[in-house]
$ cat work-v4.pdb   # PDB, C-alpha atoms
MODEL        1
ATOM      1  CA  THR A   1      -2.324 -21.067  22.733
ATOM      2  CA  ALA A   2       1.263 -22.314  22.235
ATOM      3  CA  GLY A   3       2.250 -18.828  21.118
ATOM      4  CA  THR A   4      -0.602 -18.163  18.662
ATOM      5  CA  VAL A   5      -3.831 -16.188  18.800
ATOM      6  CA  GLU A   6      -6.836 -16.450  16.507
ATOM      7  CA  VAL A   7      -9.475 -13.704  16.482
ATOM      8  CA  ALA A   8     -12.767 -14.561  14.804
ATOM      9  CA  LEU A   9     -13.815 -11.321  13.124
ATOM     10  CA  ASN A  10     -16.076 -13.315  10.834
ATOM     11  CA  GLY A  11     -18.855 -15.864  11.056
ATOM     12  CA  PRO A  12     -18.835 -19.392   9.596
ATOM     13  CA  THR A  13     -18.172 -19.484   5.806
ATOM     14  CA  PHE A  14     -16.955 -15.853   5.940
ATOM     15  CA  SER A  15     -13.283 -14.868   5.840
ATOM     16  CA  SER A  16     -10.993 -12.380   7.540
ATOM     17  CA  ASP A  17      -7.269 -11.636   7.349
ATOM     18  CA  VAL A  18      -4.556  -9.441   8.859
ATOM     19  CA  ALA A  19      -2.758  -7.008   6.560
ATOM     20  CA  ARG A  20      -0.558  -5.188   9.111
ATOM     21  CA  ILE A  21       0.271  -5.327  12.806
ATOM     22  CA  LEU A  22       1.349  -2.358  14.941
ATOM     23  CA  TYR A  23       2.873  -2.191  18.424
ATOM     24  CA  SER A  24       2.219   0.711  20.794
ATOM     25  CA  GLY A  25       1.937   1.102  24.564
ATOM     26  CA  ASN A  26       2.298  -2.642  25.270
ATOM     27  CA  SER A  27      -0.567  -3.346  22.885
ATOM     28  CA  LEU A  28      -0.719  -5.010  19.501
ATOM     29  CA  TYR A  29      -3.142  -3.800  16.840
ATOM     30  CA  ALA A  30      -4.003  -6.398  14.185
ATOM     31  CA  ILE A  31      -5.427  -4.530  11.187
ATOM     32  CA  GLY A  32      -6.974  -6.187   8.166
ATOM     33  CA  ASN A  33     -10.166  -7.148   6.419
ATOM     34  CA  THR A  34     -13.345  -8.989   7.256
ATOM     35  CA  ASP A  35     -16.532  -9.980   5.483
ATOM     36  CA  PRO A  36     -19.617  -8.589   7.270
ATOM     37  CA  GLY A  37     -21.983 -10.056   4.679
ATOM     38  CA  GLY A  38     -24.607  -7.905   3.001
ATOM     39  CA  ALA A  39     -27.629  -7.960   0.762
ATOM     40  CA  SER A  40     -25.734  -9.858  -1.959
ATOM     41  CA  GLY A  41     -24.262 -12.329   0.539
ATOM     42  CA  HIS A  42     -20.719 -10.991   0.855
ATOM     43  CA  SER A  43     -18.906  -7.667   1.126
ATOM     44  CA  SER A  44     -15.765  -6.485   2.909
ATOM     45  CA  ALA A  45     -14.800  -3.975   5.581
ATOM     46  CA  ILE A  46     -11.808  -3.117   7.740
ATOM     47  CA  GLY A  47     -11.325  -4.933  11.047
ATOM     48  CA  ILE A  48      -9.047  -3.920  13.946
ATOM     49  CA  ALA A  49      -8.315  -6.047  17.014
ATOM     50  CA  LYS A  50      -6.408  -4.741  20.059
ATOM     51  CA  LEU A  51      -4.469  -7.344  22.023
ATOM     52  CA  ASP A  52      -2.252  -7.336  25.080
ATOM     53  CA  ALA A  53       1.293  -7.664  23.690
ATOM     54  CA  ALA A  54       2.366 -10.024  26.462
ATOM     55  CA  THR A  55      -0.590 -12.399  26.677
ATOM     56  CA  GLY A  56      -2.388 -12.005  23.335
ATOM     57  CA  ALA A  57      -5.682 -11.425  25.149
ATOM     58  CA  LEU A  58      -8.176  -9.043  23.544
ATOM     59  CA  ASP A  59      -8.391  -5.667  25.295
ATOM     60  CA  GLU A  60     -12.111  -5.594  26.021
ATOM     61  CA  THR A  61     -12.037  -1.837  26.778
ATOM     62  CA  PHE A  62     -11.324  -1.219  23.073
ATOM     63  CA  GLY A  63     -14.182  -0.938  20.594
ATOM     64  CA  ASP A  64     -17.591   0.595  20.130
ATOM     65  CA  GLY A  65     -19.662  -2.544  19.605
ATOM     66  CA  SER A  66     -19.159  -2.574  15.831
ATOM     67  CA  GLY A  67     -16.907  -5.636  16.040
ATOM     68  CA  PRO A  68     -18.121  -9.179  16.762
ATOM     69  CA  LEU A  69     -16.013  -9.428  19.957
ATOM     70  CA  PRO A  70     -15.090  -6.999  22.755
ATOM     71  CA  GLY A  71     -11.693  -5.590  21.807
ATOM     72  CA  THR A  72     -12.477  -5.365  18.104
ATOM     73  CA  VAL A  73     -13.943  -2.766  15.748
ATOM     74  CA  VAL A  74     -15.238  -3.011  12.188
ATOM     75  CA  ILE A  75     -14.935   0.167  10.132
ATOM     76  CA  ASP A  76     -16.757   0.286   6.815
ATOM     77  CA  PRO A  77     -16.272   3.338   4.543
ATOM     78  CA  GLU A  78     -19.444   2.194   2.741
ATOM     79  CA  LEU A  79     -19.244   4.740  -0.077
ATOM     80  CA  ILE A  80     -21.858   2.533  -1.709
ATOM     81  CA  PRO A  81     -23.945  -0.138   0.084
ATOM     82  CA  ASP A  82     -22.460  -3.623   0.564
ATOM     83  CA  SER A  83     -19.253  -2.530  -1.126
ATOM     84  CA  LEU A  84     -15.766  -4.029  -1.318
ATOM     85  CA  ASP A  85     -13.498  -1.980   0.948
ATOM     86  CA  PHE A  86      -9.985  -3.161   1.822
ATOM     87  CA  ALA A  87      -7.111  -2.226   4.140
ATOM     88  CA  TYR A  88      -3.610  -2.615   2.686
ATOM     89  CA  THR A  89      -1.364  -0.687   5.061
ATOM     90  CA  ALA A  90      -1.224   0.944   8.500
ATOM     91  CA  ALA A  91       1.088   3.145  10.575
ATOM     92  CA  LEU A  92       1.183   5.020  13.871
ATOM     93  CA  ALA A  93       0.663   8.786  13.527
ATOM     94  CA  SER A  94       2.702  11.353  15.444
ATOM     95  CA  ASN A  95      -0.126  11.665  18.006
ATOM     96  CA  GLY A  96      -0.236   7.887  18.524
ATOM     97  CA  HIS A  97      -3.401   7.350  16.504
ATOM     98  CA  ILE A  98      -3.697   4.464  14.057
ATOM     99  CA  LEU A  99      -3.587   5.390  10.380
ATOM    100  CA  VAL A 100      -5.066   2.888   7.921
ATOM    101  CA  GLY A 101      -4.834   3.100   4.140
ATOM    102  CA  GLY A 102      -6.544   1.134   1.407
ATOM    103  CA  SER A 103      -9.324   1.297  -1.170
ATOM    104  CA  ALA A 104     -13.067   1.846  -0.880
ATOM    105  CA  GLN A 105     -15.419   0.847  -3.700
ATOM    106  CA  SER A 106     -17.139   3.969  -4.944
ATOM    107  CA  GLY A 107     -19.272   2.755  -7.846
ATOM    108  CA  ASP A 108     -19.770   0.126 -10.512
ATOM    109  CA  ASN A 109     -17.089  -0.862 -13.057
ATOM    110  CA  SER A 110     -14.403  -1.295 -10.354
ATOM    111  CA  ASN A 111     -14.430   2.359  -9.328
ATOM    112  CA  SER A 112     -12.712   2.919  -6.000
ATOM    113  CA  ALA A 113     -11.330   5.756  -3.903
ATOM    114  CA  GLY A 114      -8.051   5.590  -2.058
ATOM    115  CA  TYR A 115      -8.554   6.322   1.613
ATOM    116  CA  LEU A 116      -6.646   7.200   4.758
ATOM    117  CA  PHE A 117      -8.422   7.217   8.106
ATOM    118  CA  SER A 118      -7.351   7.844  11.692
ATOM    119  CA  VAL A 119      -8.495   5.762  14.673
ATOM    120  CA  ASP A 120      -8.196   6.531  18.386
ATOM    121  CA  PRO A 121      -5.983   3.751  19.836
ATOM    122  CA  ASP A 122      -7.884   3.681  23.145
ATOM    123  CA  THR A 123     -11.482   3.604  21.958
ATOM    124  CA  GLY A 124     -11.306   2.430  18.347
ATOM    125  CA  SER A 125     -13.444   5.348  17.183
ATOM    126  CA  LEU A 126     -12.657   7.455  14.139
ATOM    127  CA  ASP A 127     -10.817  10.710  14.870
ATOM    128  CA  SER A 128     -13.354  13.330  13.795
ATOM    129  CA  ALA A 129     -10.634  16.025  13.772
ATOM    130  CA  PHE A 130      -8.737  14.188  11.007
ATOM    131  CA  GLY A 131      -9.615  15.023   7.409
ATOM    132  CA  THR A 132     -13.390  14.978   6.934
ATOM    133  CA  ASN A 133     -15.067  13.031   9.733
ATOM    134  CA  GLY A 134     -11.938  10.943  10.186
ATOM    135  CA  TYR A 135     -11.244  10.256   6.483
ATOM    136  CA  VAL A 136      -9.078  11.540   3.668
ATOM    137  CA  LEU A 137     -10.440  10.288   0.328
ATOM    138  CA  ILE A 138      -8.377  10.389  -2.866
ATOM    139  CA  THR A 139     -10.372  10.235  -6.086
ATOM    140  CA  TYR A 140      -9.738  11.019  -9.747
ATOM    141  CA  ASP A 141     -11.854  11.291 -12.864
ATOM    142  CA  THR A 142      -9.203  10.280 -15.387
ATOM    143  CA  GLY A 143     -10.561   7.102 -16.960
ATOM    144  CA  VAL A 144     -13.189   6.794 -19.650
ATOM    145  CA  HIS A 145     -15.093   4.059 -17.801
ATOM    146  CA  PHE A 146     -13.448   3.631 -14.392
ATOM    147  CA  ASP A 147     -10.886   4.933 -11.893
ATOM    148  CA  GLY A 148      -9.490   2.634  -9.218
ATOM    149  CA  VAL A 149      -7.382   4.284  -6.521
ATOM    150  CA  SER A 150      -5.703   2.451  -3.637
ATOM    151  CA  VAL A 151      -3.227   3.355  -0.878
ATOM    152  CA  THR A 152      -0.665   0.570  -0.368
ATOM    153  CA  ALA A 153       2.029   2.148   1.856
ATOM    154  CA  ILE A 154       2.260   4.919   4.481
ATOM    155  CA  LYS A 155       5.415   6.550   5.850
ATOM    156  CA  LEU A 156       5.504   9.067   8.720
ATOM    157  CA  GLN A 157       7.975  11.939   8.745
ATOM    158  CA  ALA A 158       9.676  13.441  11.821
ATOM    159  CA  ASP A 159       7.524  16.577  11.488
ATOM    160  CA  GLY A 160       4.328  14.484  11.553
ATOM    161  CA  ARG A 161       3.637  14.661   7.824
ATOM    162  CA  ILE A 162       2.008  11.587   6.334
ATOM    163  CA  LEU A 163       3.481  10.332   3.065
ATOM    164  CA  LEU A 164       1.653   7.701   1.068
ATOM    165  CA  THR A 165       1.865   5.797  -2.160
ATOM    166  CA  GLY A 166      -0.285   3.371  -4.086
ATOM    167  CA  ASN A 167      -2.006   2.932  -7.409
ATOM    168  CA  ALA A 168      -4.276   5.120  -9.524
ATOM    169  CA  ASN A 169      -5.618   2.909 -12.300
ATOM    170  CA  HIS A 170      -7.978   3.972 -15.072
ATOM    171  CA  ASP A 171      -8.918   2.947 -18.591
ATOM    172  CA  ASP A 172      -9.062   4.368 -22.097
ATOM    173  CA  GLU A 173     -11.853   4.278 -24.662
ATOM    174  CA  PHE A 174     -10.847   0.719 -25.633
ATOM    175  CA  PHE A 175     -11.102  -0.521 -22.011
ATOM    176  CA  ASN A 176      -7.317  -0.876 -21.739
ATOM    177  CA  THR A 177      -6.256  -0.459 -18.096
ATOM    178  CA  LEU A 178      -3.573   2.159 -17.496
ATOM    179  CA  THR A 179      -1.649   1.984 -14.214
ATOM    180  CA  ASP A 180      -0.329   5.126 -12.523
ATOM    181  CA  VAL A 181       1.800   5.552  -9.415
ATOM    182  CA  LEU A 182      -0.033   7.412  -6.639
ATOM    183  CA  LEU A 183       1.889   9.776  -4.327
ATOM    184  CA  GLY A 184       0.470  11.857  -1.493
ATOM    185  CA  SER A 185       1.547  14.105   1.351
ATOM    186  CA  PHE A 186      -0.747  15.236   4.156
ATOM    187  CA  GLN A 187      -0.393  17.172   7.383
ATOM    188  CA  PRO A 188      -0.951  15.479  10.766
ATOM    189  CA  ASP A 189      -4.605  16.618  10.731
ATOM    190  CA  GLY A 190      -5.237  15.170   7.269
ATOM    191  CA  THR A 191      -5.107  18.446   5.340
ATOM    192  CA  ALA A 192      -3.084  18.576   2.137
ATOM    193  CA  THR A 193       0.595  19.500   2.357
ATOM    194  CA  PRO A 194       0.988  22.860   0.560
ATOM    195  CA  GLY A 195       2.804  22.576  -2.759
ATOM    196  CA  PHE A 196       2.420  18.814  -3.084
ATOM    197  CA  GLY A 197       0.462  17.729  -6.157
ATOM    198  CA  THR A 198      -3.175  18.817  -6.338
ATOM    199  CA  GLY A 199      -4.997  18.656  -3.033
ATOM    200  CA  GLY A 200      -2.089  16.739  -1.506
ATOM    201  CA  SER A 201      -1.792  13.960  -4.102
ATOM    202  CA  THR A 202      -0.555  13.294  -7.606
ATOM    203  CA  HIS A 203      -0.447  10.339  -9.977
ATOM    204  CA  VAL A 204       2.137   9.574 -12.644
ATOM    205  CA  ASN A 205       1.979   7.163 -15.581
ATOM    206  CA  LEU A 206       5.347   5.507 -15.042
ATOM    207  CA  GLY A 207       5.244   2.108 -16.685
ATOM    208  CA  LEU A 208       3.315  -0.918 -17.863
ATOM    209  CA  ASN A 209       1.154  -2.978 -15.467
ATOM    210  CA  THR A 210       2.718  -1.368 -12.425
ATOM    211  CA  TYR A 211       1.736  -2.271  -8.863
ATOM    212  CA  VAL A 212       3.271  -0.153  -6.087
ATOM    213  CA  THR A 213       4.324  -1.960  -2.910
ATOM    214  CA  ASP A 214       6.320   0.414  -0.668
ATOM    215  CA  LEU A 215       7.658   3.933  -0.147
ATOM    216  CA  VAL A 216      10.667   5.493   1.589
ATOM    217  CA  ALA A 217      11.896   9.080   1.905
ATOM    218  CA  ARG A 218      15.598   9.899   1.545
ATOM    219  CA  PRO A 219      17.254  12.401   3.910
ATOM    220  CA  ASN A 220      17.015  15.124   1.229
ATOM    221  CA  GLY A 221      13.245  14.565   0.896
ATOM    222  CA  ASP A 222      13.296  12.533  -2.325
ATOM    223  CA  LEU A 223      10.584   9.860  -2.455
ATOM    224  CA  VAL A 224      11.435   6.358  -3.649
ATOM    225  CA  VAL A 225       8.803   3.743  -4.496
ATOM    226  CA  SER A 226       9.089   0.034  -5.254
ATOM    227  CA  LEU A 227       6.811  -1.591  -7.791
ATOM    228  CA  ALA A 228       6.317  -4.656  -9.914
ATOM    229  CA  SER A 229       6.147  -3.785 -13.609
ATOM    230  CA  ASN A 230       6.358  -5.047 -17.177
ATOM    231  CA  GLY A 231       8.657  -2.203 -18.090
ATOM    232  CA  ILE A 232       9.250   1.439 -17.187
ATOM    233  CA  ILE A 233       8.615   4.169 -19.768
ATOM    234  CA  PRO A 234      10.231   4.776 -22.267
ATOM    235  CA  ASN A 235      11.239   1.101 -22.374
ATOM    236  CA  PRO A 236       8.914  -1.201 -24.337
ATOM    237  CA  TYR A 237       6.635  -3.865 -22.864
ATOM    238  CA  ASN A 238       8.459  -6.787 -21.274
ATOM    239  CA  SER A 239       6.541 -10.019 -20.689
ATOM    240  CA  ASP A 240       8.758 -10.717 -17.656
ATOM    241  CA  THR A 241       7.691  -9.195 -14.340
ATOM    242  CA  LEU A 242      10.429  -6.843 -13.155
ATOM    243  CA  GLN A 243      11.367  -5.463  -9.758
ATOM    244  CA  SER A 244      11.335  -1.725 -10.417
ATOM    245  CA  ILE A 245      12.351   1.281  -8.324
ATOM    246  CA  ALA A 246      11.507   4.922  -9.074
ATOM    247  CA  GLN A 247      12.589   8.140  -7.407
ATOM    248  CA  PHE A 248      10.600  11.409  -7.248
ATOM    249  CA  ASP A 249      11.436  14.742  -5.681
ATOM    250  CA  ALA A 250       9.966  15.966  -2.398
ATOM    251  CA  THR A 251       6.983  17.570  -4.173
ATOM    252  CA  GLY A 252       6.031  14.355  -6.001
ATOM    253  CA  ALA A 253       7.425  15.526  -9.351
ATOM    254  CA  GLY A 254       9.315  13.109 -11.519
ATOM    255  CA  PRO A 255      10.457  10.460 -11.833
ATOM    256  CA  THR A 256      14.019  11.708 -11.459
ATOM    257  CA  ALA A 257      15.503   8.190 -11.666
ATOM    258  CA  THR A 258      14.302   4.643 -12.402
ATOM    259  CA  VAL A 259      15.860   1.198 -12.398
ATOM    260  CA  SER A 260      14.481  -2.311 -13.023
ATOM    261  CA  PHE A 261      15.866  -5.765 -12.216
ATOM    262  CA  GLU A 262      15.186  -8.976 -14.091
ATOM    263  CA  TYR A 263      16.392 -11.856 -11.946
ATOM    264  CA  PRO A 264      17.546 -15.049 -13.759
ATOM    265  CA  SER A 265      15.024 -17.879 -13.790
ATOM    266  CA  LEU A 266      14.560 -21.353 -15.261
ATOM    267  CA  VAL A 267      11.071 -20.218 -16.352
ATOM    268  CA  THR A 268       9.635 -16.867 -17.408
ATOM    269  CA  PRO A 269      11.245 -14.432 -14.918
ATOM    270  CA  GLN A 270       8.830 -13.179 -12.304
ATOM    271  CA  GLY A 271       9.976 -10.733  -9.614
ATOM    272  CA  ARG A 272       8.268  -8.563  -7.053
ATOM    273  CA  PRO A 273       9.630  -6.075  -4.510
ATOM    274  CA  THR A 274       7.712  -6.028  -1.236
ATOM    275  CA  SER A 275       9.506  -3.802   1.296
ATOM    276  CA  MET A 276      12.142  -1.031   1.433
ATOM    277  CA  LEU A 277      14.201   0.964   3.903
ATOM    278  CA  VAL A 278      16.862   3.685   3.817
ATOM    279  CA  ASP A 279      20.039   2.933   5.755
ATOM    280  CA  SER A 280      22.334   5.384   7.572
ATOM    281  CA  SER A 281      24.416   5.846   4.400
ATOM    282  CA  ASP A 282      21.382   6.909   2.306
ATOM    283  CA  ARG A 283      21.338   3.560   0.500
ATOM    284  CA  ILE A 284      18.052   1.947  -0.462
ATOM    285  CA  LEU A 285      17.486  -1.693   0.524
ATOM    286  CA  VAL A 286      14.772  -3.509  -1.415
ATOM    287  CA  ALA A 287      13.449  -6.901  -0.290
ATOM    288  CA  GLY A 288      11.258  -9.133  -2.408
ATOM    289  CA  PHE A 289      11.200 -12.452  -4.249
ATOM    290  CA  ARG A 290      11.987 -14.005  -7.614
ATOM    291  CA  LEU A 291      10.506 -17.113  -9.180
ATOM    292  CA  TRP A 292      13.319 -19.589  -9.923
ATOM    293  CA  ASN A 293      11.378 -22.589 -11.196
ATOM    294  CA  PHE A 294       7.863 -24.003 -11.370
ATOM    295  CA  ASN A 295       7.239 -27.725 -11.211
ATOM    296  CA  PHE A 296       3.444 -27.813 -11.330
ATOM    297  CA  PRO A 297       1.805 -27.292  -8.952
ATOM    298  CA  ILE A 298       4.771 -26.242  -6.783
ATOM    299  CA  PRO A 299       6.498 -22.874  -7.392
ATOM    300  CA  ASP A 300      10.141 -22.535  -6.326
ATOM    301  CA  SER A 301      10.830 -18.922  -5.371
ATOM    302  CA  ASP A 302      13.707 -17.216  -3.579
ATOM    303  CA  HIS A 303      14.086 -14.215  -1.298
ATOM    304  CA  THR A 304      15.870 -11.255  -2.876
ATOM    305  CA  VAL A 305      17.559  -8.254  -1.288
ATOM    306  CA  THR A 306      19.045  -5.462  -3.370
ATOM    307  CA  ARG A 307      21.013  -2.444  -2.167
ATOM    308  CA  LEU A 308      21.085   0.730  -4.274
ATOM    309  CA  GLU A 309      23.362   3.718  -3.794
ATOM    310  CA  ARG A 310      23.639   7.102  -5.443
ATOM    311  CA  ASP A 311      26.117   7.194  -8.312
ATOM    312  CA  SER A 312      28.842   9.736  -7.530
ATOM    313  CA  ILE A 313      29.118  10.725 -11.214
ATOM    314  CA  PHE A 314      25.462  10.773 -12.267
ATOM    315  CA  ALA A 315      24.115  12.515  -9.173
ATOM    316  CA  ASN A 316      20.451  12.126 -10.139
ATOM    317  CA  GLY A 317      20.633   8.409 -10.835
ATOM    318  CA  PHE A 318      21.123   5.080  -9.147
ATOM    319  CA  GLU A 319      24.239   2.932  -9.448
TER
ENDMDL
END

$ encode --input "work-v4.pdb" --output "structure tokens"
Amino acid sequence: TAGTVEVALNGPTFSSDVARILYSGNSLYAIGNTDPGGASGHSSAIGIAKLDAATGALDETFGDGSGPLPGTVVIDPELIPDSLDFAYTAALASNGHILVGGSAQSGDNSNSAGYLFSVDPDTGSLDSAFGTNGYVLITYDTGVHFDGVSVTAIKLQADGRILLTGNANHDDEFFNTLTDVLLGSFQPDGTATPGFGTGGSTHVNLGLNTYVTDLVARPNGDLVVSLASNGIIPNPYNSDTLQSIAQFDATGAGPTATVSFEYPSLVTPQGRPTSMLVDSSDRILVAGFRLWNFNFPIPDSDHTVTRLERDSIFANGFE
């Protein structure tokens, strides 16, 4: 309708949203979250809609009846009943299947597992040959009271390997939340990449109040993540929100280099990186935003783009 499509994956008073959109074979896949309800009234699950890329019409051959409309599916990890499960990122695998990453509630006290699942792009069914019954679950038992793991970005390599990043949060005995950077590497079938972390993933305590937003791989295999932070170790806490970048080696070890930006502001500086890419000269481009002013209730924020290149003198650092 005038260039827009709305897909009702939810009933009245329930919400749904799109987190990512993929294009493949003249089809669009809108991937996000929906509220299927539950015993307590509300919960959340992952919704996928397949649309014709030219017309926006739902492809009614897609789906297994789990979605509210032909052409849609609802996938619910349901590690515990009526749980809060979210999709944050998606990508197309080397075999054309849809990879979705996010978090699945796994217990009380905000416990969650990071997940990666694979979906057949023609039928919408889980790929049973991927991981365990279509899923790779990433869990830790690091915190005293809780562990919250989430996958926020996926990158595919030319050899089919699946790289991912995200957050691995936990707490100490005083209920202080500690935020770690999650890194993972898996084979096309969902098995762990040999030599990468433990069981294909690792997590690193890198800074204060970190939230990881994106991941890129340099030509030499180094992994670079973008994150919002209140300071990168060993620097002290900074009340301003910084745009931070960290580099790890191809096995997930590190960091080998870090850098943070505090953009000028008329109020308390607030910055957040949202997306990255590597250009043909091995430079890292980081897009995001900074808060310039805030006249209540209207925030005034700007787009930011930063380009980073290797320093020719300090070969392991950024210039």

$ residues_near_point --input "work-v4.pdb" --point "(-7.1, 7.3, 16.1)" --cutoff "6 Å" --atoms "only C-alpha atoms" --output "short mmCIF file (atom, residue, chain, number, x, y, z; two decimals) with C-alpha atoms, in the frame of the given file"
data_model
loop_
_atom_site.label_atom_id
_atom_site.label_comp_id
_atom_site.auth_asym_id
_atom_site.auth_seq_id
_atom_site.Cartn_x
_atom_site.Cartn_y
_atom_site.Cartn_z
CA HIS A 97 -3.40 7.35 16.50
CA ILE A 98 -3.70 4.46 14.06
CA SER A 118 -7.35 7.84 11.69
CA VAL A 119 -8.49 5.76 14.67
CA ASP A 120 -8.20 6.53 18.39
CA PRO A 121 -5.98 3.75 19.84
CA LEU A 126 -12.66 7.46 14.14
CA ASP A 127 -10.82 10.71 14.87
#

$ resolve_selection --input "work-v4.pdb" --expression "the PyMOL selection byres ((chain A and resi 99) around 10)" --output "list in words"
Thr89, Ala90, Ala91, Leu92, Ala93, Gly96, His97, Ile98, Val100, Gly101, Leu116, Phe117, Ser118, Val119, Asp120, Pro121, Tyr135, Ile154, Leu156 and Ile162 of chain A

$ resolve_selection --input "work-v4.pdb" --expression "the PyMOL selection byres ((chain A and resi 190) around 7)" --output "ChimeraX atom specification"
/A:130-131,136,186-189,191-192

$ closest_residue --input "work-v4.pdb" --among "A:Asp249, A:Thr177, A:Ala113, A:Asp59" --to "Gly143 in chain A" --atoms "only C-alpha atoms"
A:Thr177

$ resolve_selection --input "work-v4.pdb" --expression "the PyMOL selection byres ((chain A and resi 260) around 10)" --output "list of chain:residue names"
A:Ser226, A:Leu227, A:Ala228, A:Ser229, A:Asn230, A:Gly231, A:Ile232, A:Thr241, A:Leu242, A:Gln243, A:Ser244, A:Ile245, A:Ala246, A:Thr258, A:Val259, A:Phe261, A:Glu262, A:Tyr263

$ residues_near_point --input "work-v4.pdb" --point "(-18.7, -9.0, 10.4)" --cutoff "9 Å" --atoms "all atoms listed in the file" --output "ChimeraX atom specification"
/A:9-11,14,16,34-37,44-45,47,66-68,74

$ closest_residue --input "work-v4.pdb" --among "A:Gly207, A:Gly252, A:Gly3, A:Pro297" --to "Thr55 in chain A" --atoms "only C-alpha atoms"
A:Gly3

$ residues_around --input "work-v4.pdb" --residues "Ser281 in chain A" --least-positions-apart "4" --cutoff "10 Å" --atoms "all atoms listed in the file" --output "PDB file with C-alpha atoms, in the frame of the given file"
ATOM      1  CA  PRO A 219      17.254  12.401   3.910  1.00  0.00           C
ATOM      2  CA  GLU A 309      23.362   3.718  -3.794  1.00  0.00           C
ATOM      3  CA  ARG A 310      23.639   7.102  -5.443  1.00  0.00           C
TER       4      ARG A 310
END

$ atom_distance --input "work-v4.pdb" --atom1 "CA of Tyr29 in chain A" --atom2 "CA of Thr61 in chain A"
13.5 Å

$ residues_around --input "work-v4.pdb" --residues "Ala19 in chain A" --least-positions-apart "5" --cutoff "6 Å" --atoms "only C-alpha atoms" --output "list in words"
Ile31, Gly32 and Tyr88 of chain A

$ residues_around --input "work-v4.pdb" --residues "Asp141 in chain A" --least-positions-apart "4" --cutoff "10 Å" --atoms "all atoms listed in the file" --output "ChimeraX atom specification"
/A:111,145-148,170

$ write_last_selection --input "work-v4.pdb" --atoms "C-alpha atoms" --output "short mmCIF file (atom, residue, chain, number, x, y, z; two decimals), keeping the file's coordinate frame"
data_model
loop_
_atom_site.label_atom_id
_atom_site.label_comp_id
_atom_site.auth_asym_id
_atom_site.auth_seq_id
_atom_site.Cartn_x
_atom_site.Cartn_y
_atom_site.Cartn_z
CA ASN A 111 -14.43 2.36 -9.33
CA HIS A 145 -15.09 4.06 -17.80
CA PHE A 146 -13.45 3.63 -14.39
CA ASP A 147 -10.89 4.93 -11.89
CA GLY A 148 -9.49 2.63 -9.22
CA HIS A 170 -7.98 3.97 -15.07
#

$ atom_distance --input "work-v4.pdb" --atom1 "CA of Gly200 in chain A" --atom2 "CA of Leu183 in chain A"
8.5 Å

$ axis_aligned_box --input "work-v4.pdb" --around "range 180-193 of chain A" --padding-each-side "6 Å" --output "lines of an AutoDock Vina configuration file"
center_x = -1.7
center_y = 12.3
center_z = -0.9
size_x = 19.1
size_y = 26.4
size_z = 35.3

$ atom_distance --input "work-v4.pdb" --atom1 "CA of Asn220 in chain A" --atom2 "CA of Leu285 in chain A"
16.8 Å

$ closest_residue --input "work-v4.pdb" --among "A:Ala168, A:Gln270, A:Val144, A:Val5" --to "Ala53 in chain A" --atoms "all atoms listed in the file"
A:Val5

$ closest_residue --input "work-v4.pdb" --among "A:Asp122, A:Asp279, A:Asp300, A:Asp180" --to "Lys50 in chain A" --atoms "all atoms listed in the file"
A:Asp122

$ closest_residue --input "work-v4.pdb" --among "A:Thr179, A:Thr165, A:Ser150, A:Thr139" --to "Phe248 in chain A" --atoms "all atoms listed in the file"
A:Thr165

$ closest_residue --input "work-v4.pdb" --among "A:Gly134, A:Pro269, A:Pro264, A:Gly221" --to "Gln157 in chain A" --atoms "all atoms listed in the file"
A:Gly221

$ build_atoms --input "work-v4.pdb" --residues "range 276-282 of chain A" --atoms "N, CA, C and O atoms" --output "PDB file, keeping the file's coordinate frame"
ATOM      1  N   MET A 276      10.920  -1.822   1.582  1.00  0.00           N
ATOM      2  CA  MET A 276      12.142  -1.031   1.433  1.00  0.00           C
ATOM      3  C   MET A 276      12.486  -0.328   2.733  1.00  0.00           C
ATOM      4  O   MET A 276      11.630  -0.091   3.590  1.00  0.00           O
ATOM      5  N   LEU A 277      13.776   0.040   2.854  1.00  0.00           N
ATOM      6  CA  LEU A 277      14.201   0.964   3.903  1.00  0.00           C
ATOM      7  C   LEU A 277      15.405   1.748   3.410  1.00  0.00           C
ATOM      8  O   LEU A 277      16.070   1.352   2.444  1.00  0.00           O
ATOM      9  N   VAL A 278      15.679   2.868   4.089  1.00  0.00           N
ATOM     10  CA  VAL A 278      16.862   3.685   3.817  1.00  0.00           C
ATOM     11  C   VAL A 278      17.827   3.487   4.972  1.00  0.00           C
ATOM     12  O   VAL A 278      17.445   3.653   6.136  1.00  0.00           O
ATOM     13  N   ASP A 279      19.088   3.135   4.668  1.00  0.00           N
ATOM     14  CA  ASP A 279      20.039   2.933   5.755  1.00  0.00           C
ATOM     15  C   ASP A 279      20.751   4.241   6.103  1.00  0.00           C
ATOM     16  O   ASP A 279      20.484   5.299   5.513  1.00  0.00           O
ATOM     17  N   SER A 280      21.678   4.177   7.068  1.00  0.00           N
ATOM     18  CA  SER A 280      22.334   5.384   7.572  1.00  0.00           C
ATOM     19  C   SER A 280      23.270   6.021   6.553  1.00  0.00           C
ATOM     20  O   SER A 280      23.717   7.148   6.744  1.00  0.00           O
ATOM     21  N   SER A 281      23.567   5.304   5.471  1.00  0.00           N
ATOM     22  CA  SER A 281      24.416   5.846   4.400  1.00  0.00           C
ATOM     23  C   SER A 281      23.603   6.284   3.193  1.00  0.00           C
ATOM     24  O   SER A 281      24.165   6.449   2.099  1.00  0.00           O
ATOM     25  N   ASP A 282      22.284   6.470   3.371  1.00  0.00           N
ATOM     26  CA  ASP A 282      21.382   6.909   2.306  1.00  0.00           C
ATOM     27  C   ASP A 282      21.316   5.898   1.167  1.00  0.00           C
ATOM     28  O   ASP A 282      21.113   6.254   0.010  1.00  0.00           O
TER      29      ASP A 282
END
